[in-house]
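**Student:** First, the structure itself, so that you have it in front of you.
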Amino acid sequence: MENTPTANPLMQKLKLPGRVFQLPSRGALYNNGEVASAEGEVHVHAMSALTEINLKNPDQLFNGKALEEVCRECVPEIKKPSGLFGRDVDALMFFLRVVTYGPQFEINVKHTCEGAKNHSYTVDIERMIQEMKFLDPTTKFEVNLQNGQKVVLHPVKFDHMIKLFQMNANKQELSADDVKANIIFNLTSLIESVDGITDRAQIEDWAKALTTPMQNRITEMIEKMNDWGPATTTKLKCRDCGEEVEVELPLNPISFFTE
Ligand SMILES: [Zn+2]
């Protein structure tokens, strides 16, 4: 039998207070009990090394189990992790990183300038959290198509990303049928309704018959919908040439959760 934290005096000093953060979606647009708090405020506790193992296990990571495990232990207000928007999940990774490891993150970067060497740079994760872009809860993700039909969309969700990953896993090259399946999957899972109709099967049949210009109009909106949350790149000053360089942060848990 495991000792409960209250019964075991050794556990007391491991129970750090953690911190309260606001999800960049502000909890707006969730209506299936995904987050049990007002305005997307969540209390985030440090991750134990054992929980971190789940997050770094590719099988668990890509079937969504790891996020469930981590939320259960560290972010109790999140009740349905796989229903979260992908951008809220990205923000959670920043929160967990800060709470568990502190505000600084070291990355190794080699610039493309002549004679550049590999250097270690410090990224201020705390500042990136402060500068995170919030979703305006009044935003309407609506598109009017060329034929007058009205499409309502929502930002990409974590379970969608997991499903898309699984659809394409272990495929060296996508066939024409794979590409078609991806397009239809993307459209149908991001569309809330068309002309007020929410029936999945009807939306799928409809999506299959769209023209390219119609598809493009929806895709433009899909790209704009995820323009919030934490930045995924940061600017560094190259130590060899002094130029400012924009670098992509390695946000996958395998490299993001390291000392
Ligand atoms: Zn350089």
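Residue numbering restarts at 1 for every chain of the structure tokens, chains are lettered A, B, ... in their displayed order, and ligands are numbered from 1 as they appear.
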At a cut-off of 12 Å around ligand 1, and using only C-alpha atoms and all ligand atoms, what residues come up? Please write them as an mmCIF file with C-alpha atoms, in the first residue's frame.
**Tutor:**
data_model
loop_
_atom_site.group_PDB
_atom_site.id
_atom_site.type_symbol
_atom_site.label_atom_id
_atom_site.label_comp_id
_atom_site.auth_asym_id
_atom_site.auth_seq_id
_atom_site.Cartn_x
_atom_site.Cartn_y
_atom_site.Cartn_z
ATOM 1 C CA VAL A 109 22.471 26.629 -31.214
ATOM 2 C CA LYS A 110 24.922 26.795 -34.102
ATOM 3 C CA HIS A 111 24.310 29.776 -36.373
ATOM 4 C CA THR A 112 24.698 29.585 -40.154
ATOM 5 C CA CYS A 113 27.348 32.349 -40.255
ATOM 6 C CA GLU A 114 30.887 31.524 -41.372
ATOM 7 C CA GLY A 115 32.960 29.683 -38.789
ATOM 8 C CA ALA A 116 30.019 29.532 -36.365
ATOM 9 C CA LYS A 117 30.441 27.281 -33.344
ATOM 10 C CA ASN A 118 27.910 25.498 -31.205
ATOM 11 C CA HIS A 119 27.041 27.673 -28.181
ATOM 12 C CA LEU A 236 19.081 35.151 -29.670
ATOM 13 C CA LYS A 237 22.184 37.190 -30.423
ATOM 14 C CA CYS A 238 24.725 34.980 -32.209
ATOM 15 C CA ARG A 239 27.947 34.850 -30.169
ATOM 16 C CA ASP A 240 30.032 34.561 -33.328
ATOM 17 C CA CYS A 241 28.711 37.322 -35.604
ATOM 18 C CA GLY A 242 26.461 39.332 -33.286
ATOM 19 C CA GLU A 243 23.462 38.980 -35.578
ATOM 20 C CA GLU A 244 20.021 38.440 -34.096
ATOM 21 C CA VAL A 245 18.830 34.921 -34.886
ATOM 22 C CA GLU A 246 15.335 33.509 -34.541
#
**Student:** Under the rule of at most 9 Å, produce a per-residue listing of region 130-224 of chain A near region 79-100 of chain A: chain, number, name, the closest pair of atoms, and the distance in Å, as a Markdown table, using only C-alpha atoms.
**Tutor:**
| residue | atom | partner | partner_atom | distance |
| --- | --- | --- | --- | --- |
| A:Met132 | CA | A:Ala91 | CA | 8.4 |
| A:His154 | CA | A:Phe85 | CA | 9.0 |
| A:Pro155 | CA | A:Phe85 | CA | 6.5 |
| A:Val156 | CA | A:Phe85 | CA | 5.7 |
| A:Lys157 | CA | A:Phe85 | CA | 4.0 |
| A:Phe158 | CA | A:Gly86 | CA | 4.6 |
| A:Asp159 | CA | A:Ser82 | CA | 5.0 |
| A:His160 | CA | A:Ser82 | CA | 8.5 |
| A:Met161 | CA | A:Gly86 | CA | 7.5 |
| A:Ile162 | CA | A:Ser82 | CA | 8.7 |
**Student:** So how many Å separate CA of Pro137 (chain A) and CA of Ala28 (chain A), to one decimal?
**Tutor:**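 These atoms are spaced 5.6 Å apart.
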**Student:** Using DSSP assignments from the backbone, pull out every residue in region 41-94 of chain A that falls under helix (DSSP H, G or I) and give it to me as number ranges by chain.
**Tutor:** A: 49-56, 58-62, 65-74, 81-83, 86-94
**Student:** I need the residues from that last selection saved to file as a short mmCIF file (atom, residue, chain, number, x, y, z; two decimals), in the first residue's frame (with C-alpha atoms), if you can.
**Tutor:**
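Below is the file selection.cif, written as the result:
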data_model
loop_
_atom_site.label_atom_id
_atom_site.label_comp_id
_atom_site.auth_asym_id
_atom_site.auth_seq_id
_atom_site.Cartn_x
_atom_site.Cartn_y
_atom_site.Cartn_z
CA ALA A 49 10.68 12.55 -12.11
CA LEU A 50 8.50 9.46 -12.46
CA THR A 51 5.63 11.38 -14.06
CA GLU A 52 8.10 13.00 -16.39
CA ILE A 53 9.00 9.54 -17.67
CA ASN A 54 5.43 9.19 -19.00
CA LEU A 55 5.77 12.48 -20.83
CA LYS A 56 9.02 11.37 -22.44
CA PRO A 58 6.92 8.29 -27.21
CA ASP A 59 4.13 5.67 -27.05
CA GLN A 60 2.40 7.37 -24.13
CA LEU A 61 3.05 10.80 -25.54
CA PHE A 62 1.48 10.07 -28.90
CA LYS A 65 -1.97 9.00 -22.01
CA ALA A 66 1.07 10.99 -20.87
CA LEU A 67 -0.85 14.27 -20.80
CA GLU A 68 -3.67 12.64 -18.83
CA GLU A 69 -1.18 11.30 -16.29
CA VAL A 70 0.61 14.66 -15.94
CA CYS A 71 -2.61 16.63 -15.55
CA ARG A 72 -3.93 14.21 -12.93
CA GLU A 73 -0.79 14.71 -10.85
CA CYS A 74 0.13 18.34 -11.55
CA PRO A 81 -6.81 16.93 -21.12
CA SER A 82 -7.35 15.52 -24.61
CA GLY A 83 -10.19 18.00 -25.21
CA GLY A 86 -3.35 22.43 -28.73
CA ARG A 87 -2.19 25.93 -27.85
CA ASP A 88 -3.34 25.53 -24.23
CA VAL A 89 -1.36 22.28 -24.09
CA ASP A 90 1.72 24.14 -25.38
CA ALA A 91 1.22 26.73 -22.60
CA LEU A 92 0.92 23.91 -20.02
CA MET A 93 4.35 22.65 -21.13
CA PHE A 94 5.79 26.12 -20.38
#
**Student:** Ranking A:Ile78, A:Val20, A:Leu153, A:Val42 by minimum distance to Thr198 (chain A) and counting only C-alpha atoms, which one comes first?
**Tutor:**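 When distances to Thr198 (chain A) are compared using only C-alpha atoms, the smallest one comes from A:Leu153.
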**Student:** In terms of the shortest atom-to-atom distance over only C-alpha atoms, which of A:Phe141, A:Trp228, A:Phe165, A:Phe21 is closest to Gly40 (chain A)?
**Tutor:**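 Selected residue with least distance to Gly40 (chain A): A:Phe21.
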**Student:** Just the strand (DSSP E) stuff from region 32-170 of chain A, please, per backbone DSSP, written as a list in words.
**Tutor:** Glu41, Val42, His43, Val44, Gln104, Phe105, Glu106, Ile107, Asn108, Val109, Lys110, Asn118, His119, Ser120, Tyr121, Thr122, Val123, Asp124, Glu142, Val143, Asn144, Lys150, Val151, Val152 and Leu153 of chain A
**Student:** Give the answer as one residue: which of A:Phe256, A:Asn8, A:Ile222, A:Tyr121 has the shortest atom-to-atom distance to Leu190 (chain A), using only C-alpha atoms?
**Tutor:**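 Looking at the shortest contact to Leu190 (chain A), the residue is A:Ile222.
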**Student:** Quick one: distance from CA of His45 (chain A) to CA of Leu14 (chain A) in Å, one decimal?
**Tutor:**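 Distance between the two atoms: 10.6 Å.
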**Student:** Nearest to Glu126 (chain A): which of A:Asn57, A:Pro230, A:Glu192, A:Leu145 is it, counting only C-alpha atoms?
**Tutor:**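 Using only C-alpha atoms, the shortest distance to Glu126 (chain A) belongs to A:Pro230.
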**Student:** If you measure from CA of Ile184 (chain A) to CA of Leu210 (chain A), what distance in Å do you get, rounded to one decimal?
**Tutor:**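 Computing it gives 10.1 Å between the two atoms.
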